[in-house]
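Encoded as C-alpha cells, the structure appears first; notes follow it.
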Amino acid sequence: MDSVEALVAHIQGLSGSPAEVAQLHSLLKQSEDTLRSQAARLAPFLPQLDPSAHTLGYLFLLEAYSSEPNLREQADIFVSIVVEFINSCSTEQIRLAPEKFISVCKSFKDQVMQLQVPMQGIAPLRMALRKIQTSSEQLTPLHPDYLTLCLLAKCYKAGLSVLNDDIFEVDQPRDLFLYCYYGGMINIGLKRFVKALECLHNVVTAPMTALNETAVEAYKKYILVSLILNGQVPSFPKYTSAAAHRNLKSYTQPYVDLANCYATGTFSEFEACIQTHLEKFQSDSNLGLVKQVLSSLYKRNIQRLTQTYLTLSLQDIANAVQLKTPKEAEMHVLRMIQDGEIFATINQKDGMVSFHEDPEQYKTCHMIEHIDSSIQRLMALSKKLSSLDEHISCDPAYLAKVSSPTTESTERKWSMEELSLWLVFSVIFYDSCFLNCVSFYLSSQFK
C-alpha cells in the first residue's frame, strides 16, 4: 500500500510544468501493474487529488479502479466520480493517455446502462468526446457509445449535436459502422428519413473486406427507409464493396421480398408478405418501421394518381388506393398536403380534390441563399477531396500496397486515408442531390 501512497505523492508534486507531467507520465506507466493489483483499494485515494490540477494521475488511478471486478456494487459512486472528473479534467493531460480516458468513459457508459439511467450519461459523455477530439471532423471511439445512450434514453435530438458534424477522420472502421448505424436509427426516430437514409447508405457502401453484422442490420433498415422515402430501393452504387454486393441481399431476403411486393402497389400482396415474415420483422425490432412502409404505400398510390388526374373525388381516391371510406382518403390527402408530398386543394362541398403543380420556382431569396450555400459547401468538399487524393497518390506505403502482385484488391485492408477519401465522396454525393434537382427544374423551364 505504501507504493500507492508514494505514487499519489508523486502525482501531487509532478503535475505542474510540462516537463514534470512528462516525468509523471513515465512513472505512471511503470506503476500500472501495481495500480491494477490494488484496484479495489484505490477509491479512498481519489479525494486526495484534484481532477483539474492532477488530471493525468487521477486518470490512471480512475482507470485502474474501473477494472475492479465488483465495480457494479459501487456503480452509483463510480458514476458520480467520473462525471466530476470529465467536467473538471485538463484536455491537454487526458490527450497524453487517450486510451485510458476512453476506457474510463466506456466503463462509465456500462455502469450508467446497468443502473438503467442512460439519460444521466448523455451530457458527460458528450463533453468527454469533445475533449478527446482533436477536431470536429474526427470520429472517436466514444461517438457510438454516446449515440447508444441517446437511443436508450429516447433522447434523439441530443444525438444531433454530433451527427451534424462532418466526419472525415476515422481511426477504427468499426466505430464508423456503429456511428452511422446508430445515426440512422436516431434520424428514423426523428422521422428525418433523408438523413437516416444517408447514414444507412454509408454503412452499406463503406469499404469492407468481409460482411459484418452491422452492415446487414443497416441494410434491412436501408430497404425500409428507401421504400418510405422513395418508394423503391436503389441498386448498389459502383463504389460498394464486393463483399456487400455478393452477400447483403441473401442475408436480408425477407426485406428484399417486401420491397418486391411494394413495387406492385398491391395491398393484399404486401400485407400477405408482412404476415409471412412477421416473426422475422419482430425479432429484428423493425415491425414499427414495416408498418410505416405500409402506410407509405397509400401515399405512393395517391401520388401516382396526381400524375394521371387533375381532379378526382374522395370516393374515387378511396377506391383506387383501397381505403375503406372517403373520410380516410381525405385524412391521407390532408396529411400529404401538410407534409408537402402533394400539392392539392379539397372542395369540402362536393368532395372533389384538385391536384396542382409544385409552386416552387427556385427564385425566392431564401432558396437562392440555400442554393448558394450548397454550391459553396460542395466547392469546399471538392477541394478536400482533391487534397486527400493527392496525399494518398504520393503515399509510399499506399503505392507499395496497391502495386504488390501478391495482394488482391478485394482482400487488402483499406487505409485510414482511403477511408477519409470515401467519406468525403459520400458527403459530396448526397449534397449534390439537391443541386441536381434544382438543375433539372431550371433546365425544364428553358426547353
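So you can find residues: chains in the C-alpha cells are A, B, ... in the order shown, residues in each start at 1, and ligands are numbered from 1 in order.
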
DSSP on the backbone, then: every residue of segment 155-404 of chain A marked strand (DSSP E), written as a VMD selection string. chain A and resid 169 to 170 311 to 313 344 to 347 352 to 355

Emit the selected residues as a JSON list (two decimals), in the first residue's frame, including C-alpha atoms.
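Result file is part_16.json:
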[["chain", "number", "residue", "atom", "x", "y", "z"],
["A", 169, "GLU", "CA", -11.05, 11.31, -39.82],
["A", 170, "VAL", "CA", -11.54, 7.73, -38.62],
["A", 311, "THR", "CA", -59.38, 16.39, -60.33],
["A", 312, "LEU", "CA", -60.73, 13.35, -58.55],
["A", 313, "SER", "CA", -63.42, 12.71, -55.95],
["A", 344, "ALA", "CA", -53.77, 19.92, -53.94],
["A", 345, "THR", "CA", -56.96, 21.57, -52.67],
["A", 346, "ILE", "CA", -60.09, 19.82, -51.37],
["A", 347, "ASN", "CA", -63.55, 21.18, -52.07],
["A", 352, "MET", "CA", -63.55, 16.86, -55.06],
["A", 353, "VAL", "CA", -59.76, 17.06, -54.94],
["A", 354, "SER", "CA", -57.87, 19.28, -57.41],
["A", 355, "PHE", "CA", -54.18, 18.45, -57.96]]

Just give me the gap between atom CA of Ala218 of chain A and atom CA of Ile167 of chain A in Å, one decimal is fine.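 Going from atom CA of Ala218 of chain A over to atom CA of Ile167 of chain A covers 18.8 Å.
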
Point out the residue among A:Ser26, A:Leu35, A:Val112, A:Gln232 with the least atom-to-atom distance to Ala6 of chain A, counting only C-alpha atoms.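 Of all the options, A:Leu35 lies closest to Ala6 of chain A.
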
Which residues are close to Gln307 of chain A, i.e. within 12 Å by only C-alpha atoms, leaving aside same-chain residues fewer than 3 positions away? Reply as an MDAnalysis selection string. chainID A and resid 300:304 310:312 342:343 354:357

Running DSSP on the backbone, which parts of segment 247-322 of chain A land in helix (DSSP H, G or I), as an MDAnalysis selection string? chainID A and resid 247:251 253:264 267:276 278:283 287:306 314:320

Considering only C-alpha atoms, return as a ChimeraX atom specification whatever protein or nucleic-acid residues lie within 8 Å of Leu28 of chain A, sequence-local ones (same chain, fewer than 4 positions apart) excluded. /A:7,24,32,57,60

Two-atom distance - atom CA of Gly351 of chain A, atom CA of Pro326 of chain A (Å): 8.5 Å

Atom CA of Tyr182 of chain A to atom CA of Met113 of chain A: how many Å, to one decimal?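 Atom-to-atom, atom CA of Tyr182 of chain A and atom CA of Met113 of chain A are spaced 16.4 Å apart.
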
So that I can see what lies close to Arg41 of chain A, please list as a PyMOL selection string the residues with an atom at most 12 Å from it, counting only C-alpha atoms and leaving out residues fewer than 2 positions away in the same chain. chain A and resi 1+4-5+34-39+43-46+61-62+64-71

Within 12 Å of Val203 of chain A, counting only C-alpha atoms, which residues show up once you throw out same-chain ones fewer than 2 positions away? Write them as a PyMOL selection string, please. chain A and resi 173-184+196-201+205-208+211-222+240-241+244+248+422-423+426

List as a list in words the protein and nucleic acid residues near segment 253-260 of chain A, meaning an atom at most 7 Å away when only C-alpha atoms are counted, but skip any in the same chain fewer than 3 places from it.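 Surrounding residues, per the criterion: Lys220, Ile223, Lys249, Ser250, Ala263, Phe270, Cys273 and His277 of chain A.
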
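Of the listed residues (A:Ala123, A:Leu334, A:Leu294, A:Leu289), A:Ala123 comes nearest to Asn87 of chain A; the distances count only C-alpha atoms.
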
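When only C-alpha atoms are used to compute distances to Gln48 of chain A, the closest of the residues A:Gln282, A:Ile11, A:Lys191, A:Cys150 turns out to be A:Ile11.
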